[in-house]
Amino acid sequence: MNIYNQLLRKETKLSVIGLGYVGLPIALEFAKKISVVGFDIKADRVEMMKNKIDPSEELPSSAFEGCDIEFSANLDSLKTATFHIVAVPTPIDDHNLPDLTPLLSATRTVGKVLKKGDYVVYESTVYPGCTEEDCIPILEELSGLKFVTDFKVGFSPERINPGDKDHTITTITKVVSGCDDESLDIVAKVYELVVTAGVYKASCIKVAESAKIIENTQRDVNIALMNELSIIFNRMGINTYEVLAAAGTKWNFLKFYPGLVGGHCIGVDPYYLTYKAKEFRYHPQIINSGRFVNDTMGFYVAKQTVKKIIAAGKNVLNSRILVMGATFKEDVSDIRNSRVADIISELKTYSMKVDVVDPFASSAELKHEYGFELVEKPSGIYDAIIIAVSHKPYYKFDEPYFKSISSEGAILVDVKGIYRNQIKDLTYWSL
């Protein structure tokens with residue numbers, strides 16, 4: 001009897017290592033069908049999940065109902081599982097180089113409990129070749145087992161979109177891969193238990209790794225083009241969103257928009273590909289150019305705000321700025337790699353007083369990560385208001401509200417253009 005049938009009969013368990021915004025939804029979906037061990041190294045997060053609380057604030061408590069799952073921070077709990085899914089973050093360091101620390105640590109964890117016949121499937125985004133070159137040797141060393149002969153490995157890239165309630169683990173086609181035909185078939189069958197949209201069988205692990213990395217690289221480059229067009233059109237006095245609306249009437253025009261590109265996917269993944277490309281003596285020009293454009297947009301927004309304040313005849317040194325939104329994208333609490341921090345950092349170099357509000361972000365986390373805190377609510381009069389993140393609660397505001405907290409001749413900077421054609425009296429600017 002193969003591992004798939006054993007999982008169905010609950011004679012063995014599936015484990016998910018790393019219970020963040022990717023790992024927890026996967027673990028809970030599988031736990032509706034088979035027995036699951038949800039493992040995380042942070043005991044406080046594990047306790048929250050035991051109490052049906054998602055630390056990432058993505059899932060309601062009802063998502064935990066009817067699930068056959070054991071949450072644990074104890075390594076021994078993983079010994080009861082034979083199919084392991086690794087779903088830990090793969091960030092970049094301060095030099096924009098891949099930081100494999102969480103991935104390799106999780107691999108060591110699995111290696112210590114790996115048994116003959118076990119499967120290990122990686123979901124963490126990596127550069128092509130990472131699974132086989134960096135992870136598998138660790139599994140072999142710590143387990144004393146031989147790859148393929150004693151245990152199988154697969155790769156199935158995560159495609160979860162934070163804050164998106166429509167495109168979830170069950171409704172997005174799942175790319176799967178294995179180290180041989182048998183493992184590909186087993187990995188595909190296991191994921192088909194929960195993915196109603198079906199699976200796509202990649203020819204090998206490196207193809208699956210590459211597919212994931214170019215999904216976000218493609219988006220990054222296209223958004224960078226929109227950002228560059230925004231800079232050009234701004235100098236020409238043309239509204240970028242009006243241009244895109246007109247161009248978008250053509251059937252094959254790709255509808256991307258300018259904006260801040262942060263987070264742990266689009267703003268990170270391209271660096272994994274460029275890192276690996278250099279090993280093959282190729283310097284990726286388009287990808288790196290796109291990264292440069294997107295990484296500098298926060299500073300660009302701040303400088304344009306300063307220019308508008310000066311043009312209004314205001315004293316920059318005495319100006320008060322309100323920044324609305326601090327997370328990396330709308331309607332999520334995640335602040336990782338938020339480019340809003342670049343706006344705030346740049347404004348403070350001009351000795352401006354900056355207040356920041358956000359209905360989703362944690363003030364303590366922002367203080368720890370970026371050195372600034374949230375204010376409970378706007379107070380006093382501001383010389384510029386920057387809507388940096390298009391959170392849904394912000395859509396209810398109108399020009400009279402903004403005028404009520406603004407000085408004479410104040411600037412409204414609308415990064416995503418959500419108030420386009422609605423502002424008549426305030427000086428309005430958007431990307």
# chains A, B, ... in the order shown; residues from 1 in each chain; ligands from 1
call {"tool": "closest_atom_pairs", "arguments": {"of": "stretch 238-286 of chain A", "to": "stretch 297-311 of chain A", "cutoff": "12 Å", "atoms": "only C-alpha atoms", "output": "Markdown table"}}
result
| residue | atom | partner | partner_atom | distance |
| --- | --- | --- | --- | --- |
| A:Pro258 | CA | A:Met297 | CA | 9.3 |
| A:Gly259 | CA | A:Met297 | CA | 7.6 |
| A:Leu260 | CA | A:Met297 | CA | 6.2 |
| A:Val261 | CA | A:Met297 | CA | 8.2 |
| A:Gly262 | CA | A:Gly298 | CA | 9.9 |
call {"tool": "closest_atom_pairs", "arguments": {"of": "stretch 72-99 of chain A", "to": "stretch 110-124 of chain A", "cutoff": "6 Å", "atoms": "only C-alpha atoms", "output": "JSON lines"}}
result
{"residue": "A:Lys79", "atom": "CA", "partner": "A:Val113", "partner_atom": "CA", "distance": 5.5}
{"residue": "A:Thr82", "atom": "CA", "partner": "A:Asp118", "partner_atom": "CA", "distance": 4.7}
{"residue": "A:Phe83", "atom": "CA", "partner": "A:Tyr119", "partner_atom": "CA", "distance": 4.7}
{"residue": "A:His84", "atom": "CA", "partner": "A:Val120", "partner_atom": "CA", "distance": 4.7}
{"residue": "A:Ile85", "atom": "CA", "partner": "A:Val121", "partner_atom": "CA", "distance": 4.8}
{"residue": "A:Val86", "atom": "CA", "partner": "A:Tyr122", "partner_atom": "CA", "distance": 4.8}
{"residue": "A:Ala87", "atom": "CA", "partner": "A:Glu123", "partner_atom": "CA", "distance": 5.1}
{"residue": "A:Val88", "atom": "CA", "partner": "A:Ser124", "partner_atom": "CA", "distance": 5.8}
call {"tool": "residues_around", "arguments": {"residues": "A:Ile92", "least_positions_apart": "3", "cutoff": "10 Å", "atoms": "only C-alpha atoms", "output": "number ranges by chain"}}
result
A: 89, 95-101, 264, 267-269, 271-272, 337
call {"tool": "closest_residue", "arguments": {"among": "A:Asn294, A:Ser406, A:Thr427, A:Thr349", "to": "A:Pro378", "atoms": "only C-alpha atoms"}}
result
A:Ser406
call {"tool": "closest_atom_pairs", "arguments": {"of": "stretch 207-296 of chain A", "to": "stretch 160-177 of chain A", "cutoff": "9 Å", "atoms": "only C-alpha atoms", "output": "JSON lines"}}
result
{"residue": "A:Val207", "atom": "CA", "partner": "A:Ser177", "partner_atom": "CA", "distance": 8.2}
{"residue": "A:Ala208", "atom": "CA", "partner": "A:Ser177", "partner_atom": "CA", "distance": 6.3}
{"residue": "A:Ala211", "atom": "CA", "partner": "A:Val175", "partner_atom": "CA", "distance": 8.5}
{"residue": "A:Lys212", "atom": "CA", "partner": "A:Val175", "partner_atom": "CA", "distance": 8.8}
call {"tool": "select_by_dssp", "arguments": {"residues": "stretch 150-381 of chain A", "states": "helix (DSSP H, G or I)", "output": "PyMOL selection string"}}
result
chain A and resi 181-192+205-236+240-247+269-279+285-295+297-311+316-318+340-348+363-370
call {"tool": "atom_distance", "arguments": {"atom1": "atom CA of A:Gly325", "atom2": "atom CA of A:Ile387"}}
result
6.6 Å
call {"tool": "closest_residue", "arguments": {"among": "A:Val194, A:Leu104, A:Leu19, A:Glu182", "to": "A:Ile34", "atoms": "only C-alpha atoms"}}
result
A:Val194
call {"tool": "closest_residue", "arguments": {"among": "A:Lys50, A:Tyr395, A:Ile266, A:Thr149", "to": "A:Gly417", "atoms": "only C-alpha atoms"}}
result
A:Tyr395
call {"tool": "select_by_dssp", "arguments": {"residues": "stretch 87-268 of chain A", "states": "strand (DSSP E or B)", "output": "list in words"}}
result
Ile92, Pro98, Tyr119, Val120, Val121, Tyr122, Phe147, Phe151, Lys152, Val153, Gly154, Phe155, Lys174, Val175, Val176, Ser177, Gly178, Val199, Tyr200 and Lys201 of chain A
call {"tool": "write_last_selection", "arguments": {"atoms": "C-alpha atoms", "output": "mmCIF file, in the first residue's frame"}}
result
data_model
loop_
_atom_site.group_PDB
_atom_site.id
_atom_site.type_symbol
_atom_site.label_atom_id
_atom_site.label_comp_id
_atom_site.auth_asym_id
_atom_site.auth_seq_id
_atom_site.Cartn_x
_atom_site.Cartn_y
_atom_site.Cartn_z
ATOM 1 C CA ILE A 92 16.211 38.398 0.924
ATOM 2 C CA PRO A 98 18.561 35.130 -1.077
ATOM 3 C CA TYR A 119 8.021 12.205 1.121
ATOM 4 C CA VAL A 120 9.159 15.826 1.419
ATOM 5 C CA VAL A 121 7.498 18.511 -0.717
ATOM 6 C CA TYR A 122 8.752 22.096 -0.763
ATOM 7 C CA PHE A 147 17.552 10.313 -1.984
ATOM 8 C CA PHE A 151 12.860 8.916 0.381
ATOM 9 C CA LYS A 152 11.219 11.037 -2.310
ATOM 10 C CA VAL A 153 11.172 14.788 -2.803
ATOM 11 C CA GLY A 154 8.833 17.060 -4.751
ATOM 12 C CA PHE A 155 8.260 20.758 -5.301
ATOM 13 C CA LYS A 174 -1.488 23.635 -8.348
ATOM 14 C CA VAL A 175 1.813 23.031 -10.088
ATOM 15 C CA VAL A 176 3.376 19.819 -8.789
ATOM 16 C CA SER A 177 6.605 17.985 -9.475
ATOM 17 C CA GLY A 178 8.542 14.991 -8.214
ATOM 18 C CA VAL A 199 -3.003 20.082 -10.659
ATOM 19 C CA TYR A 200 -0.460 20.651 -13.408
ATOM 20 C CA LYS A 201 2.343 18.108 -13.538
#
call {"tool": "residues_around", "arguments": {"residues": "A:Pro55", "least_positions_apart": "2", "cutoff": "12 Å", "atoms": "only C-alpha atoms", "output": "ChimeraX atom specification"}}
result
/A:19-25,40,42-53,57-61,333-334,362
call {"tool": "atom_distance", "arguments": {"atom1": "atom CA of A:Asp134", "atom2": "atom CA of A:Glu29"}}
result
28.8 Å
call {"tool": "closest_residue", "arguments": {"among": "A:Ala246, A:Gly237, A:Phe280, A:Val413", "to": "A:Ile321", "atoms": "only C-alpha atoms"}}
result
A:Val413
call {"tool": "residues_around", "arguments": {"residues": "stretch 350-355 of chain A", "least_positions_apart": "2", "cutoff": "7 Å", "atoms": "only C-alpha atoms", "output": "MDAnalysis selection string"}}
result
chainID A and resid 316:323 347:348 357 375
call {"tool": "write_last_selection", "arguments": {"atoms": "C-alpha atoms", "output": "compact mmCIF listing (two decimals), in the first residue's frame"}}
result
# COMPACT_ATOMS: atom_id res chain seq x y z
CA VAL A 316 8.95 72.20 4.39
CA LEU A 317 10.64 72.19 7.80
CA ASN A 318 7.38 73.02 9.55
CA SER A 319 5.11 70.80 7.47
CA ARG A 320 2.98 68.02 8.92
CA ILE A 321 2.29 64.95 6.81
CA LEU A 322 -0.33 62.25 7.26
CA VAL A 323 0.44 58.87 5.68
CA LEU A 347 9.99 62.57 4.30
CA LYS A 348 11.76 62.52 7.65
CA VAL A 357 -2.37 55.50 10.43
CA VAL A 375 -0.99 57.21 15.73
call {"tool": "residues_around", "arguments": {"residues": "A:Tyr419", "least_positions_apart": "2", "cutoff": "12 Å", "atoms": "only C-alpha atoms", "output": "compact mmCIF listing (two decimals) with C-alpha atoms, in the first residue's frame"}}
result
# COMPACT_ATOMS: atom_id res chain seq x y z
CA TYR A 241 -4.48 56.39 -15.08
CA ILE A 386 -0.61 60.59 1.35
CA ILE A 387 -2.98 57.67 0.73
CA SER A 390 -5.79 51.54 -0.91
CA TYR A 394 -10.34 54.59 2.95
CA TYR A 395 -12.86 54.51 0.10
CA LYS A 396 -15.52 56.00 2.38
CA PHE A 397 -13.62 59.27 2.79
CA ASP A 398 -14.36 62.26 0.58
CA GLU A 399 -12.86 65.66 -0.13
CA PHE A 402 -9.65 65.59 3.79
CA LEU A 412 -3.47 65.12 -1.50
CA VAL A 413 -1.18 62.39 -2.79
CA ASP A 414 -3.21 59.42 -3.98
CA VAL A 415 -0.67 56.70 -4.81
CA LYS A 416 -3.17 54.24 -6.34
CA GLY A 417 -5.48 56.87 -7.81
CA ASN A 421 -11.71 62.87 -10.59
CA GLN A 422 -13.17 63.33 -7.08
CA ILE A 423 -10.87 66.06 -5.73
CA LYS A 424 -11.62 69.62 -6.82
CA LEU A 426 -7.11 70.33 -2.79
CA TYR A 428 -4.19 66.45 -6.18
CA TRP A 429 -1.41 64.17 -7.40
CA SER A 430 -1.18 60.46 -8.11
CA LEU A 431 1.17 58.09 -9.89
call {"tool": "residues_around", "arguments": {"residues": "A:Phe328", "least_positions_apart": "4", "cutoff": "6 Å", "atoms": "only C-alpha atoms", "output": "VMD selection string"}}
result
chain A and resid 262 to 263 335 338
call {"tool": "write_last_selection", "arguments": {"atoms": "C-alpha atoms", "output": "PDB file, in the first residue's frame"}}
result
ATOM      1  CA  GLY A 262       6.681  45.377  -1.729  1.00  0.00           C
ATOM      2  CA  GLY A 263       5.749  42.270   0.176  1.00  0.00           C
ATOM      3  CA  ILE A 335       4.099  44.739   6.771  1.00  0.00           C
ATOM      4  CA  SER A 338       6.474  47.475   2.809  1.00  0.00           C
TER       5      SER A 338
END
